[in-house]
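Novice: What follows is the file query-v1.txt, containing compact mmCIF, C-alpha atoms:
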```txt
# COMPACT_ATOMS: atom_id res chain seq x y z
CA MET M 152 101.21 139.93 134.74
CA LYS M 153 104.47 138.32 133.60
CA LYS M 154 104.34 135.98 136.60
CA ARG M 155 100.81 134.94 135.71
CA THR M 156 101.83 134.32 132.08
CA ALA M 157 104.77 132.19 133.22
CA HIS M 158 102.49 130.08 135.44
CA GLN M 159 100.08 129.56 132.54
CA THR M 160 102.97 128.49 130.30
CA TRP M 161 104.22 125.97 132.85
CA LEU M 162 100.68 124.66 133.30
CA LYS M 163 100.38 124.13 129.55
CA TYR M 164 103.70 122.26 129.52
CA ILE M 165 102.57 120.02 132.39
CA VAL M 166 99.28 119.23 130.65
CA LEU M 167 101.14 118.43 127.39
CA VAL M 168 103.58 116.16 129.22
CA VAL M 169 100.72 114.30 130.90
CA LEU M 170 98.92 113.88 127.57
CA GLY M 171 102.17 112.73 125.95
CA CYS M 172 102.62 110.08 128.65
CA ILE M 173 99.04 108.90 128.16
CA VAL M 174 99.81 108.37 124.47
CA ILE M 175 103.30 106.89 124.89
CA ILE M 176 102.60 104.43 127.72
CA PRO M 177 100.36 102.07 125.66
CA ILE M 178 102.90 102.14 122.81
CA TYR M 179 105.72 101.38 125.25
CA TYR M 180 103.72 98.54 126.77
CA LEU M 181 102.98 97.09 123.32
CA LEU M 182 106.59 97.17 122.14
CA VAL M 183 108.13 95.91 125.39
CA THR M 184 105.69 93.02 125.67
CA THR M 185 106.70 91.74 122.22
CA PHE M 186 110.16 90.90 123.57
CA LYS M 187 108.90 89.07 126.67
CA THR M 188 107.87 85.53 127.41
CA PRO M 189 104.27 85.01 128.57
CA ALA M 190 105.53 84.53 132.14
CA GLU M 191 107.48 87.80 132.10
CA ALA M 192 104.56 89.68 130.58
CA THR M 193 102.31 88.47 133.41
CA ALA M 194 104.80 89.01 136.23
CA SER M 195 106.03 92.45 135.15
CA PRO M 196 103.74 94.11 132.60
CA MET M 197 105.60 97.44 132.46
CA GLY M 198 109.12 96.20 133.18
CA LEU M 199 111.85 95.56 130.66
CA PRO M 200 112.46 91.96 129.51
CA SER M 201 115.38 90.03 130.97
CA HIS M 202 116.78 89.68 127.44
CA PHE M 203 115.64 90.94 124.05
CA SER M 204 114.78 88.22 121.56
CA PHE M 205 113.20 88.42 118.11
CA SER M 206 112.15 84.77 118.11
CA GLY M 207 108.60 85.83 118.94
CA TYR M 208 108.44 87.98 115.84
CA LYS M 209 109.64 85.07 113.72
CA GLU M 210 106.96 82.82 115.20
CA ALA M 211 104.24 85.45 114.69
CA PHE M 212 105.47 86.05 111.12
CA GLU M 213 105.00 82.38 110.28
CA LYS M 214 101.82 81.90 112.30
CA MET M 215 99.93 84.73 110.60
CA GLN M 216 101.31 83.86 107.13
CA PHE M 217 102.52 87.43 106.84
CA PRO M 218 103.61 87.52 103.15
CA ARG M 219 100.23 86.29 101.90
CA ALA M 220 98.19 88.48 104.27
CA PHE M 221 100.36 91.51 103.49
CA PHE M 222 99.95 90.97 99.75
CA ASN M 223 96.15 90.78 100.06
CA THR M 224 96.05 93.89 102.22
CA PHE M 225 98.36 95.77 99.86
CA ILE M 226 96.35 94.84 96.75
CA ILE M 227 93.07 95.93 98.37
CA THR M 228 94.54 99.20 99.64
CA ALA M 229 96.42 100.11 96.45
CA CYS M 230 93.57 99.29 94.04
CA SER M 231 91.02 101.03 96.26
CA VAL M 232 93.08 104.20 96.58
CA ILE M 233 93.81 104.31 92.83
CA GLY M 234 90.12 103.88 92.06
CA ILE M 235 89.14 106.59 94.55
CA ILE M 236 91.66 109.06 93.12
CA ILE M 237 90.67 108.48 89.48
CA THR M 238 86.91 108.72 90.04
CA SER M 239 86.81 111.48 92.66
CA SER M 240 89.36 113.69 90.90
CA MET M 241 87.36 113.68 87.66
CA LEU M 242 84.11 114.11 89.55
CA GLY M 243 85.46 116.98 91.66
CA TYR M 244 86.86 118.67 88.57
CA VAL M 245 83.54 118.57 86.69
CA LEU M 246 81.48 119.61 89.70
CA HIS M 247 83.61 122.72 90.20
CA ARG M 248 84.11 123.74 86.57
CA LYS M 249 80.36 123.28 85.91
CA ARG M 250 79.31 124.69 89.28
CA GLU M 251 76.95 127.22 87.70
CA LEU M 252 74.71 124.39 86.43
CA LYS M 253 71.85 123.36 88.67
CA ILE M 254 72.44 119.67 88.01
CA SER M 255 76.01 120.02 89.31
CA LYS M 256 74.76 121.46 92.60
CA ILE M 257 72.21 118.67 92.97
CA VAL M 258 74.79 115.97 92.23
CA PHE M 259 77.26 117.52 94.67
CA VAL M 260 74.66 117.56 97.46
CA LEU M 261 73.74 113.93 96.74
CA ILE M 262 77.39 112.90 96.86
CA LEU M 263 77.97 114.75 100.13
CA SER M 264 74.94 113.02 101.62
CA GLY M 265 76.95 109.82 101.36
CA MET M 266 79.18 111.16 104.15
CA LEU M 267 76.23 111.27 106.58
CA PHE M 268 75.63 107.53 106.78
CA PRO M 269 78.25 104.82 107.45
CA TYR M 270 78.21 101.95 105.00
CA GLN M 271 77.71 99.53 107.90
CA MET M 272 74.05 100.60 107.89
CA SER M 273 73.62 98.99 104.46
CA ILE M 274 75.80 95.96 105.07
CA LEU M 275 72.91 93.52 104.56
CA GLY M 276 72.09 94.97 101.14
CA LEU M 277 75.77 95.00 100.19
CA TYR M 278 76.10 91.37 101.21
CA LYS M 279 73.17 90.36 99.02
CA LEU M 280 74.54 92.44 96.14
CA ILE M 281 78.02 90.93 96.37
CA ARG M 282 76.57 87.39 96.46
CA SER M 283 74.34 88.06 93.46
CA LEU M 284 77.35 89.31 91.50
CA GLY M 285 79.37 86.21 92.39
CA LEU M 286 82.12 88.27 94.07
CA MET M 287 82.12 86.57 97.47
CA ASN M 288 85.67 85.67 98.56
CA HIS M 289 87.15 87.88 95.82
CA LEU M 290 89.34 90.86 96.66
CA ALA M 291 87.39 92.86 94.07
CA SER M 292 84.31 92.86 96.33
CA VAL M 293 86.11 94.76 99.10
CA ILE M 294 87.85 97.02 96.57
CA PHE M 295 84.57 98.11 94.95
CA ILE M 296 82.95 98.78 98.32
CA ASN M 297 85.94 100.81 99.52
CA ILE M 298 85.86 102.94 96.37
CA ALA M 299 82.13 103.59 96.61
CA CYS M 300 82.21 104.44 100.31
CA ASN M 301 85.18 106.83 100.14
CA ILE M 302 84.25 108.76 96.99
CA PRO M 303 82.12 111.44 98.79
CA PHE M 304 84.86 112.84 101.04
CA ALA M 305 87.54 112.56 98.35
CA THR M 306 85.28 114.38 95.86
CA PHE M 307 84.76 117.17 98.36
CA MET M 308 88.54 117.51 98.79
CA PHE M 309 89.23 117.53 95.04
CA ARG M 310 86.43 119.98 94.28
CA SER M 311 87.83 122.43 96.84
CA PHE M 312 91.37 122.08 95.49
CA VAL M 313 90.36 122.53 91.84
CA ALA M 314 89.23 126.04 92.82
CA THR M 315 92.89 127.00 93.33
CA ILE M 316 93.86 126.11 89.74
CA PRO M 317 93.49 129.02 87.25
CA GLU M 318 90.96 128.33 84.51
CA GLU M 319 93.10 130.38 82.10
CA LEU M 320 95.45 127.41 81.75
CA GLU M 321 92.62 125.24 80.46
CA GLU M 322 91.30 127.97 78.18
CA ALA M 323 94.74 128.28 76.58
CA ALA M 324 94.80 124.52 75.99
CA LYS M 325 91.34 124.65 74.40
CA ILE M 326 92.57 127.28 71.96
CA ASP M 327 95.38 124.87 70.99
CA GLY M 328 92.75 122.21 70.23
CA ALA M 329 93.01 120.03 73.34
CA GLY M 330 89.92 118.09 74.40
CA THR M 331 88.42 117.83 77.88
CA PHE M 332 90.13 114.57 78.86
CA ARG M 333 93.51 115.73 77.56
CA ILE M 334 93.18 119.04 79.42
CA PHE M 335 92.37 117.26 82.64
CA TRP M 336 95.08 114.58 82.52
CA LYS M 337 97.85 116.68 80.96
CA ILE M 338 97.28 120.05 82.66
CA THR M 339 94.93 119.89 85.64
CA PHE M 340 95.74 116.52 87.20
CA PRO M 341 99.52 117.16 87.54
CA LEU M 342 98.63 120.30 89.53
CA LEU M 343 96.55 118.20 91.92
CA LYS M 344 99.58 116.40 93.38
CA PRO M 345 99.26 117.88 96.93
CA ILE M 346 95.63 116.86 97.30
CA VAL M 347 96.29 113.50 95.61
CA ALA M 348 98.92 112.80 98.27
CA THR M 349 96.53 113.87 101.04
CA VAL M 350 93.68 111.69 99.75
CA THR M 351 96.13 108.79 99.30
CA ILE M 352 97.35 108.98 102.88
CA LEU M 353 93.95 109.42 104.53
CA ASN M 354 92.30 106.64 102.53
CA SER M 355 95.27 104.30 102.89
CA LEU M 356 95.03 104.62 106.68
CA THR M 357 91.30 103.94 106.60
CA ILE M 358 91.33 101.02 104.15
CA TRP M 359 94.41 99.32 105.62
CA ASN M 360 92.75 99.28 109.04
CA ASP M 361 89.34 98.17 107.75
CA PHE M 362 88.23 94.97 109.42
CA MET M 363 84.48 94.70 108.80
CA GLY M 364 84.63 94.62 104.99
CA PRO M 365 87.11 91.73 104.69
CA LEU M 366 85.40 89.92 107.57
CA TYR M 367 82.06 89.81 105.74
CA PHE M 368 83.16 89.36 102.14
CA LEU M 369 86.43 87.38 102.42
CA GLN M 370 85.61 84.17 104.27
CA VAL M 371 88.44 81.88 103.12
CA ARG M 372 91.86 82.11 104.70
CA GLU M 373 93.67 82.44 101.36
CA LYS M 374 92.03 85.87 100.99
CA ASP M 375 92.54 87.03 104.58
CA VAL M 376 94.06 90.45 105.27
CA LEU M 377 96.42 91.27 108.14
CA LEU M 378 93.69 92.22 110.62
CA GLN M 379 91.89 88.96 110.01
CA GLU M 380 95.07 87.00 110.70
CA ILE M 381 95.56 88.97 113.93
CA TYR M 382 91.96 88.26 114.92
CA ARG M 383 92.56 84.52 114.46
CA ASN M 384 94.96 84.69 117.41
CA ILE M 385 92.09 85.58 119.74
CA GLY M 386 90.52 82.36 121.00
CA GLN M 387 87.11 81.82 122.54
CA PHE M 388 88.52 80.92 125.95
CA SER M 389 92.14 82.11 125.88
CA THR M 390 94.41 84.51 124.03
CA ASP M 391 98.18 84.40 123.55
CA TRP M 392 98.82 88.07 124.28
CA THR M 393 102.53 88.01 123.49
CA SER M 394 101.95 86.64 119.98
CA LEU M 395 99.03 89.03 119.55
CA PHE M 396 101.19 92.06 120.30
CA GLN M 397 103.87 90.96 117.87
CA MET M 398 101.23 90.49 115.17
CA LEU M 399 99.89 93.98 115.90
CA VAL M 400 103.36 95.45 115.42
CA LEU M 401 103.90 93.53 112.17
CA GLY M 402 100.50 94.63 110.90
CA ALA M 403 100.99 98.32 111.70
CA LEU M 404 104.66 98.61 110.70
CA PRO M 405 104.17 98.89 106.88
CA LEU M 406 101.52 101.57 107.33
CA LEU M 407 103.69 103.46 109.83
CA ILE M 408 106.62 103.52 107.40
CA PHE M 409 104.32 104.72 104.61
CA TYR M 410 102.89 107.47 106.83
CA LEU M 411 106.32 108.73 107.92
CA PHE M 412 107.36 109.19 104.30
CA MET M 413 104.09 110.84 103.23
CA GLN M 414 103.02 112.95 106.23
CA ARG M 415 104.63 116.15 104.95
CA TYR M 416 102.06 116.29 102.15
CA ILE M 417 99.02 116.27 104.44
CA ILE M 418 99.13 119.84 105.76
CA GLY M 419 100.06 121.28 102.38
CA GLY M 420 97.22 119.50 100.62
CA VAL M 421 94.56 120.34 103.19
CA MET M 422 95.60 124.00 103.52
CA SER M 423 95.83 124.51 99.76
CA GLY M 424 92.42 123.02 99.24
CA SER M 425 90.85 125.31 101.86
CA VAL M 426 91.99 128.59 100.29
CA LYS M 427 89.12 128.84 97.83
CA GLY M 428 85.85 127.14 97.04
```
Before we go any further, please render this structure as structure tokens.

Specialist:
Amino acid sequence: MKKRTAHQTWLKYIVLVVLGCIVIIPIYYLLVTTFKTPAEATASPMGLPSHFSFSGYKEAFEKMQFPRAFFNTFIITACSVIGIIITSSMLGYVLHRKRELKISKIVFVLILSGMLFPYQMSILGLYKLIRSLGLMNHLASVIFINIACNIPFATFMFRSFVATIPEELEEAAKIDGAGTFRIFWKITFPLLKPIVATVTILNSLTIWNDFMGPLYFLQVREKDVLLQEIYRNIGQFSTDWTSLFQMLVLGALPLLIFYLFMQRYIIGGVMSGSVKG
């Protein structure tokens, strides 16, 4: 029996190592290629470069106009996430605290139904709406769409987490004369920090990597985001793969740094929100 258990353990380790290699090899290939010349990348795709040079990164940085593209991407992501947190936290709070009302149940079901259909299905209607509002080629168009499309899941997360906060705290504040908004922002919202961090991370990853929204609604280069600048490097008949890989690294690096600093909040926020509700 012990021998069989040992064999199973070794088999699990082998499978995990194989899966780890499958994940690491593309990352290794991406990073190594950024230090190669086009000739080296073609001759030896998996080999190390003859010498490491950052000149390619400098060229890619200038070619994709990184500061401008990064600023546009950051503004869209930050404003979208802030809007999602403000609206979905208040909505989740009301839907849970007033859960005994029939209208709350109906509204909650309607909001959750928004998770069933991707917004790409209504892209034609959104395009007509954005044009009629005069928001084409404005960052606000993508921000509003991101907020509307990500509210359902964020509301579900906040509603579940609000269940873990004792209502006695709010009742004590009501006795002291505090109103609903003051109770929420002064007492309840500070206790929502774990789920706020979780929603921030998940939505930041989604919005930062969104390509379709900016592609449709931001059609001038001054408003381009990082992914659009990377896409410009792909030609109709040829592609400079070495520059493309360096642009991919520059585009993903800010988000990777953000994720490394914030990842410890994900498990805590998700687990806390799943205790009740």

Novice: Under the rule that only C-alpha atoms are counted, which of M:Thr193, M:Pro269, M:Lys163, M:Thr185 is the nearest residue to Ser206 of chain M?

Specialist: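 Of M:Thr193, M:Pro269, M:Lys163, M:Thr185, the one nearest Ser206 of chain M, counting only C-alpha atoms, is M:Thr185.
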
Novice: For Thr188 of chain M, which of M:Asn297, M:Asn384, M:Gln414, M:Gln397 is the closest residue, counting only C-alpha atoms?

Specialist: M:Gln397

Novice: Measuring between only C-alpha atoms, which one of M:Tyr410, M:Phe309, M:Tyr382, M:Tyr367 shows the shortest distance to Met215 of chain M?

Specialist: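 Selected residue with least distance to Met215 of chain M: M:Tyr382.
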
Novice: Could you produce a table of the residues of segment 154-247 of chain M lying within 8 Å of segment 312-321 of chain M, with the nearest pair of atoms per residue and their separation in Å rounded to one decimal, using only C-alpha atoms, ordered by chain and increasing residue number, as a tab-separated table?

Specialist:
```
residue	atom	partner	partner_atom	distance
M:Gly243	CA	M:Val313	CA	7.4
M:Tyr244	CA	M:Val313	CA	6.2
M:His247	CA	M:Val313	CA	6.9
```

Novice: I want to know what sits within 7 Å of Pro303 of chain M, based on only C-alpha atoms, with residues of the same chain fewer than 4 positions away left out; could you give that as a list in words?

Specialist: Ile262, Leu263, Gly265, Met266 and Phe307 of chain M

Novice: Would you list the contacts of Val347 of chain M as an MDAnalysis selection string, taking every protein, DNA or RNA residue within 9 Å and counting all atoms listed in the file, but skipping same-chain residues closer than 5 positions in sequence?

Specialist: chainID M and resid 236 240 309 340 352 420

Novice: Could you pull the residues within 9 Å of Asn354 of chain M, counting all atoms listed in the file, minus those fewer than 6 positions along the same chain, as a list in words?

Specialist: Thr228, Ser231, Val232, Ile235, Asn301 and Ala305 of chain M

Novice: With a distance cut-off of 12 Å and all atoms listed in the file, select the neighbouring residues of Arg372 of chain M, excluding the residue or stretch itself and same-chain residues fewer than 6 positions from it, and output the selection as a CSV table (one decimal) with C-alpha atoms, in the frame of the given file.

Specialist:
```csv
chain,number,residue,atom,x,y,z
M,215,MET,CA,99.9,84.7,110.6
M,216,GLN,CA,101.3,83.9,107.1
M,219,ARG,CA,100.2,86.3,101.9
M,220,ALA,CA,98.2,88.5,104.3
M,223,ASN,CA,96.2,90.8,100.1
M,288,ASN,CA,85.7,85.7,98.6
M,289,HIS,CA,87.2,87.9,95.8
M,365,PRO,CA,87.1,91.7,104.7
M,366,LEU,CA,85.4,89.9,107.6
M,378,LEU,CA,93.7,92.2,110.6
M,379,GLN,CA,91.9,89.0,110.0
M,380,GLU,CA,95.1,87.0,110.7
M,382,TYR,CA,92.0,88.3,114.9
M,383,ARG,CA,92.6,84.5,114.5
```

Novice: I'd like the box whose edges run along x, y and z of the file and which contains every listed atom of segment 218-236 of chain M, padded by 8 Å per side; could you state its centre and edge lengths in Å, one decimal, as AutoDock Vina command-line options?

Specialist:
```
--center_x 96.4 --center_y 97.7 --center_z 98.2 --size_x 30.5 --size_y 38.8 --size_z 28.2
```

Novice: Enter the distance from atom CA of Pro196 of chain M to atom CA of Thr184 of chain M, in Å, rounded to one decimal.

Specialist: 7.3 Å

Novice: With only C-alpha atoms as the basis for distance, which of M:Leu280, M:Val174, M:Leu407, M:Ile237 is at the shortest distance from Trp359 of chain M?

Specialist: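 With only C-alpha atoms as the atom set, the closest residue is M:Leu407.
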
Novice: Can you work out the spacing between atom CA of Met413 of chain M and atom CA of Thr349 of chain M in Å, to one decimal?

Specialist: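 Taking atom CA of Met413 of chain M and atom CA of Thr349 of chain M, their separation equals 8.4 Å.
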
Novice: Would you pick out the contacts of Ile226 of chain M at 12 Å or less, using only C-alpha atoms, so that residues sharing its chain but fewer than 6 positions from it are not included, and give the list as a list in words?

Specialist: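 In the requested format, the answer is Arg219, Ala220, Val232, Ile233, Gly234, His289, Leu290, Ala291, Val293, Ile294, Ser355, Ile358, Trp359, Lys374, Asp375, Val376 and Leu377 of chain M.
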
Novice: Here's a test: counting only C-alpha atoms, identify every protein, DNA and RNA residue with an atom at most 12 Å from (102.1, 78.9, 114.6) in the file's coordinate frame, and state them as a PDB file with C-alpha atoms, in the frame of the given file.

Specialist:
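Saved to part.pdb:
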```pdb
ATOM      1  CA  GLY M 207     108.600  85.830 118.940  1.00  0.00           C
ATOM      2  CA  TYR M 208     108.440  87.980 115.840  1.00  0.00           C
ATOM      3  CA  LYS M 209     109.640  85.070 113.720  1.00  0.00           C
ATOM      4  CA  GLU M 210     106.960  82.820 115.200  1.00  0.00           C
ATOM      5  CA  ALA M 211     104.240  85.450 114.690  1.00  0.00           C
ATOM      6  CA  PHE M 212     105.470  86.050 111.120  1.00  0.00           C
ATOM      7  CA  GLU M 213     105.000  82.380 110.280  1.00  0.00           C
ATOM      8  CA  LYS M 214     101.820  81.900 112.300  1.00  0.00           C
ATOM      9  CA  MET M 215      99.930  84.730 110.600  1.00  0.00           C
ATOM     10  CA  GLN M 216     101.310  83.860 107.130  1.00  0.00           C
ATOM     11  CA  PHE M 217     102.520  87.430 106.840  1.00  0.00           C
ATOM     12  CA  GLU M 380      95.070  87.000 110.700  1.00  0.00           C
ATOM     13  CA  ARG M 383      92.560  84.520 114.460  1.00  0.00           C
ATOM     14  CA  ASN M 384      94.960  84.690 117.410  1.00  0.00           C
ATOM     15  CA  ASP M 391      98.180  84.400 123.550  1.00  0.00           C
ATOM     16  CA  SER M 394     101.950  86.640 119.980  1.00  0.00           C
ATOM     17  CA  LEU M 395      99.030  89.030 119.550  1.00  0.00           C
ATOM     18  CA  MET M 398     101.230  90.490 115.170  1.00  0.00           C
TER      19      MET M 398
END
```

Novice: May I ask you to restore N, CA and C atoms in segment 209-240 of chain M and write the result as a PDB file, in the frame of the given file?

Specialist:
```pdb
ATOM      1  N   LYS M 209     109.522  86.107 114.748  1.00  0.00           N
ATOM      2  CA  LYS M 209     109.640  85.070 113.720  1.00  0.00           C
ATOM      3  C   LYS M 209     108.457  84.111 113.792  1.00  0.00           C
ATOM      4  N   GLU M 210     108.092  83.732 115.020  1.00  0.00           N
ATOM      5  CA  GLU M 210     106.960  82.820 115.200  1.00  0.00           C
ATOM      6  C   GLU M 210     105.661  83.473 114.740  1.00  0.00           C
ATOM      7  N   ALA M 211     105.463  84.737 115.097  1.00  0.00           N
ATOM      8  CA  ALA M 211     104.240  85.450 114.690  1.00  0.00           C
ATOM      9  C   ALA M 211     104.198  85.623 113.171  1.00  0.00           C
ATOM     10  N   PHE M 212     105.367  85.886 112.573  1.00  0.00           N
ATOM     11  CA  PHE M 212     105.470  86.050 111.120  1.00  0.00           C
ATOM     12  C   PHE M 212     104.981  84.799 110.396  1.00  0.00           C
ATOM     13  N   GLU M 213     105.394  83.645 110.905  1.00  0.00           N
ATOM     14  CA  GLU M 213     105.000  82.380 110.280  1.00  0.00           C
ATOM     15  C   GLU M 213     103.560  82.014 110.617  1.00  0.00           C
ATOM     16  N   LYS M 214     103.148  82.287 111.841  1.00  0.00           N
ATOM     17  CA  LYS M 214     101.820  81.900 112.300  1.00  0.00           C
ATOM     18  C   LYS M 214     100.720  82.642 111.555  1.00  0.00           C
ATOM     19  N   MET M 215     100.951  83.926 111.283  1.00  0.00           N
ATOM     20  CA  MET M 215      99.930  84.730 110.600  1.00  0.00           C
ATOM     21  C   MET M 215     100.093  84.717 109.083  1.00  0.00           C
ATOM     22  N   GLN M 216     101.056  83.926 108.584  1.00  0.00           N
ATOM     23  CA  GLN M 216     101.310  83.860 107.130  1.00  0.00           C
ATOM     24  C   GLN M 216     101.443  85.273 106.566  1.00  0.00           C
ATOM     25  N   PHE M 217     102.397  85.988 107.102  1.00  0.00           N
ATOM     26  CA  PHE M 217     102.520  87.430 106.840  1.00  0.00           C
ATOM     27  C   PHE M 217     102.639  87.782 105.359  1.00  0.00           C
ATOM     28  N   PRO M 218     103.489  87.114 104.563  1.00  0.00           N
ATOM     29  CA  PRO M 218     103.610  87.520 103.150  1.00  0.00           C
ATOM     30  C   PRO M 218     102.285  87.482 102.397  1.00  0.00           C
ATOM     31  N   ARG M 219     101.501  86.395 102.593  1.00  0.00           N
ATOM     32  CA  ARG M 219     100.230  86.290 101.900  1.00  0.00           C
ATOM     33  C   ARG M 219      99.240  87.341 102.381  1.00  0.00           C
ATOM     34  N   ALA M 220      99.129  87.501 103.711  1.00  0.00           N
ATOM     35  CA  ALA M 220      98.190  88.480 104.270  1.00  0.00           C
ATOM     36  C   ALA M 220      98.590  89.907 103.888  1.00  0.00           C
ATOM     37  N   PHE M 221      99.897  90.180 103.886  1.00  0.00           N
ATOM     38  CA  PHE M 221     100.360  91.510 103.490  1.00  0.00           C
ATOM     39  C   PHE M 221     100.044  91.783 102.031  1.00  0.00           C
ATOM     40  N   PHE M 222     100.235  90.785 101.175  1.00  0.00           N
ATOM     41  CA  PHE M 222      99.950  90.970  99.750  1.00  0.00           C
ATOM     42  C   PHE M 222      98.463  91.267  99.531  1.00  0.00           C
ATOM     43  N   ASN M 223      97.583  90.528 100.197  1.00  0.00           N
ATOM     44  CA  ASN M 223      96.150  90.780 100.060  1.00  0.00           C
ATOM     45  C   ASN M 223      95.785  92.178 100.542  1.00  0.00           C
ATOM     46  N   THR M 224      96.337  92.564 101.678  1.00  0.00           N
ATOM     47  CA  THR M 224      96.050  93.890 102.220  1.00  0.00           C
ATOM     48  C   THR M 224      96.575  94.980 101.294  1.00  0.00           C
ATOM     49  N   PHE M 225      97.769  94.774 100.755  1.00  0.00           N
ATOM     50  CA  PHE M 225      98.360  95.770  99.860  1.00  0.00           C
ATOM     51  C   PHE M 225      97.553  95.915  98.578  1.00  0.00           C
ATOM     52  N   ILE M 226      97.132  94.796  97.992  1.00  0.00           N
ATOM     53  CA  ILE M 226      96.350  94.840  96.750  1.00  0.00           C
ATOM     54  C   ILE M 226      95.032  95.584  96.990  1.00  0.00           C
ATOM     55  N   ILE M 227      94.342  95.261  98.074  1.00  0.00           N
ATOM     56  CA  ILE M 227      93.070  95.930  98.370  1.00  0.00           C
ATOM     57  C   ILE M 227      93.284  97.419  98.577  1.00  0.00           C
ATOM     58  N   THR M 228      94.299  97.784  99.354  1.00  0.00           N
ATOM     59  CA  THR M 228      94.540  99.200  99.640  1.00  0.00           C
ATOM     60  C   THR M 228      94.964  99.954  98.388  1.00  0.00           C
ATOM     61  N   ALA M 229      95.914  99.413  97.630  1.00  0.00           N
ATOM     62  CA  ALA M 229      96.420 100.110  96.450  1.00  0.00           C
ATOM     63  C   ALA M 229      95.341 100.284  95.390  1.00  0.00           C
ATOM     64  N   CYS M 230      94.619  99.202  95.071  1.00  0.00           N
ATOM     65  CA  CYS M 230      93.570  99.290  94.040  1.00  0.00           C
ATOM     66  C   CYS M 230      92.440 100.209  94.481  1.00  0.00           C
ATOM     67  N   SER M 231      92.085 100.156  95.760  1.00  0.00           N
ATOM     68  CA  SER M 231      91.020 101.030  96.260  1.00  0.00           C
ATOM     69  C   SER M 231      91.414 102.488  96.165  1.00  0.00           C
ATOM     70  N   VAL M 232      92.620 102.806  96.598  1.00  0.00           N
ATOM     71  CA  VAL M 232      93.080 104.200  96.580  1.00  0.00           C
ATOM     72  C   VAL M 232      93.187 104.724  95.145  1.00  0.00           C
ATOM     73  N   ILE M 233      93.709 103.903  94.245  1.00  0.00           N
ATOM     74  CA  ILE M 233      93.810 104.310  92.830  1.00  0.00           C
ATOM     75  C   ILE M 233      92.420 104.576  92.259  1.00  0.00           C
ATOM     76  N   GLY M 234      91.479 103.688  92.540  1.00  0.00           N
ATOM     77  CA  GLY M 234      90.120 103.880  92.060  1.00  0.00           C
ATOM     78  C   GLY M 234      89.471 105.128  92.632  1.00  0.00           C
ATOM     79  N   ILE M 235      89.694 105.391  93.912  1.00  0.00           N
ATOM     80  CA  ILE M 235      89.140 106.590  94.550  1.00  0.00           C
ATOM     81  C   ILE M 235      89.714 107.851  93.923  1.00  0.00           C
ATOM     82  N   ILE M 236      91.018 107.871  93.688  1.00  0.00           N
ATOM     83  CA  ILE M 236      91.660 109.060  93.120  1.00  0.00           C
ATOM     84  C   ILE M 236      91.161 109.321  91.706  1.00  0.00           C
ATOM     85  N   ILE M 237      91.090 108.292  90.876  1.00  0.00           N
ATOM     86  CA  ILE M 237      90.670 108.480  89.480  1.00  0.00           C
ATOM     87  C   ILE M 237      89.230 109.001  89.412  1.00  0.00           C
ATOM     88  N   THR M 238      88.323 108.331  90.133  1.00  0.00           N
ATOM     89  CA  THR M 238      86.910 108.720  90.040  1.00  0.00           C
ATOM     90  C   THR M 238      86.622 110.052  90.717  1.00  0.00           C
ATOM     91  N   SER M 239      87.134 110.255  91.918  1.00  0.00           N
ATOM     92  CA  SER M 239      86.810 111.480  92.660  1.00  0.00           C
ATOM     93  C   SER M 239      87.501 112.707  92.087  1.00  0.00           C
ATOM     94  N   SER M 240      88.688 112.540  91.494  1.00  0.00           N
ATOM     95  CA  SER M 240      89.360 113.690  90.900  1.00  0.00           C
ATOM     96  C   SER M 240      88.594 114.190  89.676  1.00  0.00           C
TER      97      SER M 240
END
```
